[in-house]
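Note: the block below is run_9.tsv and it holds TSV, C-alpha atoms.
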```tsv
chain	number	residue	atom	x	y	z
Z	1	MET	CA	85.32	-34.41	-17.26
Z	2	PHE	CA	82.20	-32.63	-16.03
Z	3	PRO	CA	80.87	-33.30	-12.52
Z	4	LEU	CA	77.61	-35.19	-12.20
Z	5	SER	CA	74.74	-33.19	-10.68
Z	6	LEU	CA	71.60	-34.55	-9.04
Z	7	PHE	CA	68.60	-32.70	-7.64
Z	8	ALA	CA	67.98	-33.12	-3.92
Z	9	VAL	CA	64.73	-34.90	-3.13
Z	10	GLY	CA	62.24	-32.31	-1.87
Z	11	HIS	CA	59.95	-32.99	1.10
Z	12	GLU	CA	57.91	-30.74	3.38
Z	13	ASP	CA	60.59	-30.79	6.07
Z	14	GLY	CA	63.59	-30.20	3.81
Z	15	LEU	CA	65.79	-31.54	1.05
Z	16	HIS	CA	67.00	-35.13	1.11
Z	17	ALA	CA	69.90	-37.14	-0.34
Z	18	PRO	CA	69.32	-38.29	-3.93
Z	19	THR	CA	71.91	-41.09	-3.55
Z	20	LEU	CA	74.23	-42.65	-0.98
Z	21	GLY	CA	77.81	-41.74	-0.13
Z	22	GLN	CA	79.79	-39.23	1.96
Z	23	TRP	CA	77.91	-35.90	2.30
Z	24	VAL	CA	80.04	-32.73	2.10
Z	25	PRO	CA	77.87	-29.63	2.70
Z	26	ARG	CA	78.49	-26.34	0.84
Z	27	VAL	CA	75.31	-24.39	1.60
Z	28	GLU	CA	75.26	-22.30	4.78
Z	29	TYR	CA	72.69	-21.61	7.44
Z	30	GLY	CA	70.40	-18.79	6.34
Z	31	ALA	CA	70.85	-19.32	2.60
Z	32	HIS	CA	67.79	-18.59	0.45
Z	33	LEU	CA	66.89	-21.56	-1.69
Z	34	HIS	CA	66.34	-21.37	-5.42
Z	35	GLU	CA	66.47	-23.89	-8.21
Z	36	GLY	CA	70.01	-25.00	-9.00
Z	37	LEU	CA	71.59	-23.71	-5.75
Z	38	LEU	CA	74.58	-25.93	-4.91
Z	39	LEU	CA	73.80	-27.59	-1.57
Z	40	GLY	CA	76.92	-29.73	-1.40
Z	41	HIS	CA	78.51	-32.89	-2.78
Z	42	ILE	CA	78.08	-36.57	-2.14
Z	43	LEU	CA	81.30	-38.50	-2.67
Z	44	ARG	CA	80.65	-41.84	-4.38
Z	45	LEU	CA	83.68	-44.04	-4.95
Z	46	GLY	CA	85.88	-40.97	-4.53
Z	47	ARG	CA	84.01	-38.94	-7.17
Z	48	PRO	CA	81.93	-35.90	-6.21
Z	49	VAL	CA	78.28	-35.77	-7.23
Z	50	GLU	CA	76.89	-32.22	-6.95
Z	51	VAL	CA	73.60	-32.00	-5.07
Z	52	VAL	CA	71.50	-29.00	-6.12
Z	53	ALA	CA	68.13	-27.58	-5.06
Z	54	PRO	CA	65.24	-28.79	-7.24
Z	55	ALA	CA	62.68	-26.67	-9.10
Z	56	GLY	CA	60.25	-25.02	-6.72
Z	57	ALA	CA	62.70	-24.98	-3.80
Z	58	ARG	CA	61.70	-22.06	-1.58
Z	59	GLY	CA	62.48	-20.89	1.91
Z	60	GLN	CA	65.60	-20.44	3.95
Z	61	VAL	CA	68.08	-23.02	5.19
Z	62	VAL	CA	67.61	-23.48	8.94
Z	63	THR	CA	69.72	-26.63	9.45
Z	64	VAL	CA	72.49	-28.25	7.42
Z	65	ARG	CA	73.60	-31.84	8.01
Z	66	VAL	CA	77.29	-32.06	8.97
Z	67	ARG	CA	79.76	-34.00	6.85
Z	68	SER	CA	78.77	-37.65	7.25
Z	69	ALA	CA	77.78	-40.84	5.47
Z	70	VAL	CA	74.27	-40.67	3.99
Z	71	GLU	CA	71.82	-43.04	2.37
Z	72	TYR	CA	69.14	-42.23	-0.16
Z	73	GLY	CA	66.43	-40.12	1.51
Z	74	ASP	CA	68.49	-38.92	4.49
Z	75	ASN	CA	67.74	-35.30	5.38
Z	76	LEU	CA	70.51	-32.95	4.17
Z	77	VAL	CA	68.94	-29.52	4.67
Z	78	GLU	CA	65.97	-28.40	6.75
Z	79	VAL	CA	63.98	-25.55	5.27
Z	80	GLY	CA	61.96	-22.89	7.07
Z	81	GLN	CA	60.06	-19.76	6.25
Z	82	VAL	CA	61.42	-16.57	7.73
Z	83	GLU	CA	60.39	-12.95	7.68
Z	84	GLY	CA	61.07	-11.66	4.18
Z	85	ALA	CA	60.67	-15.10	2.55
Z	86	GLU	CA	57.86	-13.69	0.39
Z	87	LEU	CA	60.52	-11.60	-1.40
Z	88	VAL	CA	62.38	-14.76	-2.37
Z	89	GLU	CA	59.17	-16.39	-3.57
Z	90	ALA	CA	58.42	-13.30	-5.68
Z	91	ALA	CA	61.93	-13.54	-7.14
Z	92	VAL	CA	61.46	-17.19	-8.09
Z	93	ASP	CA	58.07	-16.38	-9.63
Z	94	ALA	CA	59.65	-13.53	-11.64
Z	95	VAL	CA	61.43	-16.05	-13.88
Z	96	ASP	CA	58.01	-16.91	-15.30
Z	97	ASP	CA	57.36	-13.20	-16.04
Z	98	GLY	CA	60.23	-12.97	-18.56
Z	99	LEU	CA	62.27	-10.67	-16.33
Z	100	THR	CA	66.08	-10.54	-16.25
Z	101	PRO	CA	67.66	-11.32	-12.86
Z	102	VAL	CA	70.50	-9.22	-11.46
Z	103	ASN	CA	72.41	-11.72	-9.29
Z	104	ALA	CA	74.67	-11.03	-6.33
Z	105	PRO	CA	78.33	-11.74	-7.16
Z	106	MET	CA	78.99	-13.08	-3.64
Z	107	ALA	CA	77.40	-13.72	-0.27
Z	108	GLY	CA	76.97	-10.69	1.97
Z	109	THR	CA	74.49	-8.05	3.08
Z	110	ILE	CA	72.56	-6.09	0.45
Z	111	TYR	CA	71.84	-2.38	0.70
Z	112	HIS	CA	69.51	-0.57	-1.72
Z	113	ARG	CA	70.93	2.84	-0.77
Z	114	PRO	CA	74.40	4.39	-0.46
Z	115	ALA	CA	73.90	5.25	3.23
Z	116	PRO	CA	71.13	5.05	5.86
Z	117	GLY	CA	68.56	7.79	5.37
Z	118	GLU	CA	69.55	8.43	1.73
Z	119	PRO	CA	67.31	7.58	-1.23
Z	120	ALA	CA	67.65	4.18	-2.89
Z	121	PHE	CA	69.91	3.85	-5.94
Z	122	ALA	CA	66.77	2.89	-7.91
Z	123	GLU	CA	63.10	2.30	-7.15
Z	124	PRO	CA	60.80	-0.28	-8.77
Z	125	GLY	CA	59.32	1.17	-11.96
Z	126	GLN	CA	62.28	3.49	-12.52
Z	127	PRO	CA	64.37	3.26	-15.73
Z	128	VAL	CA	68.02	2.25	-15.22
Z	129	LYS	CA	71.06	2.53	-17.48
Z	130	ALA	CA	73.52	-0.25	-18.27
Z	131	ARG	CA	76.17	-0.45	-15.51
Z	132	GLN	CA	74.13	1.83	-13.21
Z	133	THR	CA	74.59	0.96	-9.53
Z	134	LEU	CA	71.46	-0.74	-8.19
Z	135	ALA	CA	72.70	-1.83	-4.78
Z	136	LEU	CA	75.75	-2.44	-2.61
Z	137	ILE	CA	76.84	-5.75	-1.14
Z	138	GLU	CA	78.86	-5.64	2.07
Z	139	VAL	CA	81.33	-8.35	2.98
Z	140	MET	CA	83.62	-7.80	6.00
Z	141	LYS	CA	83.15	-3.99	5.90
Z	142	THR	CA	84.03	-3.88	2.17
Z	143	PHE	CA	81.33	-2.64	-0.21
Z	144	THR	CA	80.96	-3.81	-3.82
Z	145	GLN	CA	78.57	-2.27	-6.32
Z	146	ILE	CA	75.92	-4.40	-7.98
Z	147	GLN	CA	75.31	-2.88	-11.39
Z	148	ALA	CA	72.55	-3.31	-13.96
Z	149	PRO	CA	73.80	-5.66	-16.70
Z	150	ARG	CA	71.76	-3.75	-19.30
Z	151	ALA	CA	69.44	-0.78	-19.67
Z	152	GLY	CA	65.84	-1.40	-18.65
Z	153	VAL	CA	63.33	-0.77	-15.90
Z	154	LEU	CA	63.75	-2.01	-12.33
Z	155	ALA	CA	60.74	-4.33	-12.08
Z	156	ARG	CA	61.17	-5.38	-8.45
Z	157	TRP	CA	63.66	-6.19	-5.73
Z	158	GLY	CA	64.53	-9.83	-5.15
Z	159	VAL	CA	65.72	-9.25	-1.57
Z	160	GLY	CA	65.02	-6.68	1.11
Z	161	ASP	CA	67.30	-3.79	2.07
Z	162	GLY	CA	69.79	-4.91	4.74
Z	163	GLU	CA	69.14	-8.62	4.12
Z	164	ALA	CA	71.92	-11.23	4.26
Z	165	ILE	CA	72.10	-13.29	1.06
Z	166	ASP	CA	74.09	-15.97	-0.72
Z	167	GLY	CA	76.13	-15.44	-3.86
Z	168	ASP	CA	74.15	-15.79	-7.09
Z	169	THR	CA	70.89	-14.81	-5.36
Z	170	PRO	CA	68.67	-12.59	-7.56
Z	171	VAL	CA	68.94	-9.13	-5.95
Z	172	ALA	CA	66.69	-7.36	-8.45
Z	173	TRP	CA	64.71	-8.03	-11.62
Z	174	LEU	CA	64.78	-5.89	-14.79
Z	175	LYS	CA	62.14	-5.54	-17.51
```

Would you put the structure from the file into structure tokens?
Amino acid sequence: MFPLSLFAVGHEDGLHAPTLGQWVPRVEYGAHLHEGLLLGHILRLGRPVEVVAPAGARGQVVTVRVRSAVEYGDNLVEVGQVEGAELVEAAVDAVDDGLTPVNAPMAGTIYHRPAPGEPAFAEPGQPVKARQTLALIEVMKTFTQIQAPRAGVLARWGVGDGEAIDGDTPVAWLK
């Protein structure tokens, strides 16, 4: 049986409960919002209902409601704009440009270069090969390569160098 998913109700101040039940948060402080991002679950009669970010969701999570009973319209996540948020907005807009996203496999810190002071693995406008390293993601002092899924041209970065991100966040966009 597939879980039921509902879009959170978007408001200026944040994202709100689309139904009533027991809220179980999954999104973390600092997460960058994008359409379909799993925010958490609302348990209704013992069954989880996934709550995901709606289309047009932008910004960064600044507050997450703790596990508690909620009613329709209760605030689940407060959203704010932070330095670098324009990169996330550019990434969301890139979907409309027919670009292919290269998503982070996990949450961590993204680095565009192998070490400080060294050139980036790739620059926007530069051709890349399939499986070429585009960036590194650091989690607990362990580095994992983020590779191009196909040959193409690096159109733009989705996140800034040294920025903390969530898993499945578009790190770069390929033409």

Atom CA of Z:Gly14 to atom CA of Z:Leu76, distance in Å rounded to a single decimal:
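Atom-to-atom, atom CA of Z:Gly14 to atom CA of Z:Leu76, that is 7.5 Å.
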
If we count only C-alpha atoms, what is near Z:Tyr111 at a cut-off of 6 Å, once residues fewer than 4 positions away on the same chain are taken out, given as a list in words?
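Everything that qualifies: Ala135, Leu136, Asp161 and Gly162 of chain Z.
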
Just checking: using all atoms listed in the file, which residue out of Z:Arg58, Z:Arg65, Z:Arg150, Z:His32 ends up closest to Z:Gly10?
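The shortest atom-to-atom distance to Z:Gly10 comes from Z:Arg58.
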
Can you tell me, as JSON, numbers by chain, which residues sit within 12 Å of (80.8, -39.4, 4.0) in the file's frame, using all atoms listed in the file?
{"Z": [17, 19, 20, 21, 22, 23, 24, 25, 40, 41, 42, 43, 44, 45, 46, 47, 48, 65, 66, 67, 68, 69, 70, 71]}

To one decimal place, how far is atom CA of Z:Arg156 from atom CA of Z:Val77 in Å?
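Taking atom CA of Z:Arg156 as the start and atom CA of Z:Val77 as the end point, the length is 28.6 Å.
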
Between Z:Ala31, Z:Val49, Z:Val139, Z:Leu37, smallest distance to Z:Leu4 by all atoms listed in the file belongs to Z:Val49

Just to confirm, what's the straight-line distance from atom CA of Z:Leu174 to atom CA of Z:Gln145 in Å (one decimal)?
16.6 Å

Which polymer residues have any atom within 12 Å of an atom of Z:Pro114, counting all atoms listed in the file, with same-chain residues fewer than 2 positions away left out, as a ChimeraX atom specification?
/Z:110-112,116-122,133-138,143-146,161-162

Residue with smallest distance to Z:Asp168 - pool Z:His34, Z:Lys129, Z:Arg26, Z:His16, counting all atoms listed in the file:
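The shortest atom-to-atom distance to Z:Asp168 comes from Z:His34.
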
I need the residue nearest Z:Ala107 from this list: Z:Ala151, Z:Ala164, Z:Leu15, Z:Ala172. Use only C-alpha atoms for the distance.
Z:Ala164

Return the single residue from Z:Met106, Z:Val153, Z:Val128, Z:Leu99 that is closest to Z:Ile165, with distances computed using all atoms listed in the file.
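Result for the nearest residue to Z:Ile165: Z:Met106.
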
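With distances taken over only C-alpha atoms, Z:Gly80 is the one residue among Z:Gly80, Z:Pro170, Z:Pro149, Z:Gly36 lying closest to Z:Gln60.
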
Edge lengths and centre, in Å to one decimal, as JSON: that's what I need for the box along x, y and z that holds all listed atoms of stretch 111-121 of chain Z plus 6 Å on each side.
```
{"center_x": 70.9, "center_y": 3.0, "center_z": 0.0, "size_x": 19.1, "size_y": 22.8, "size_z": 23.8}
```
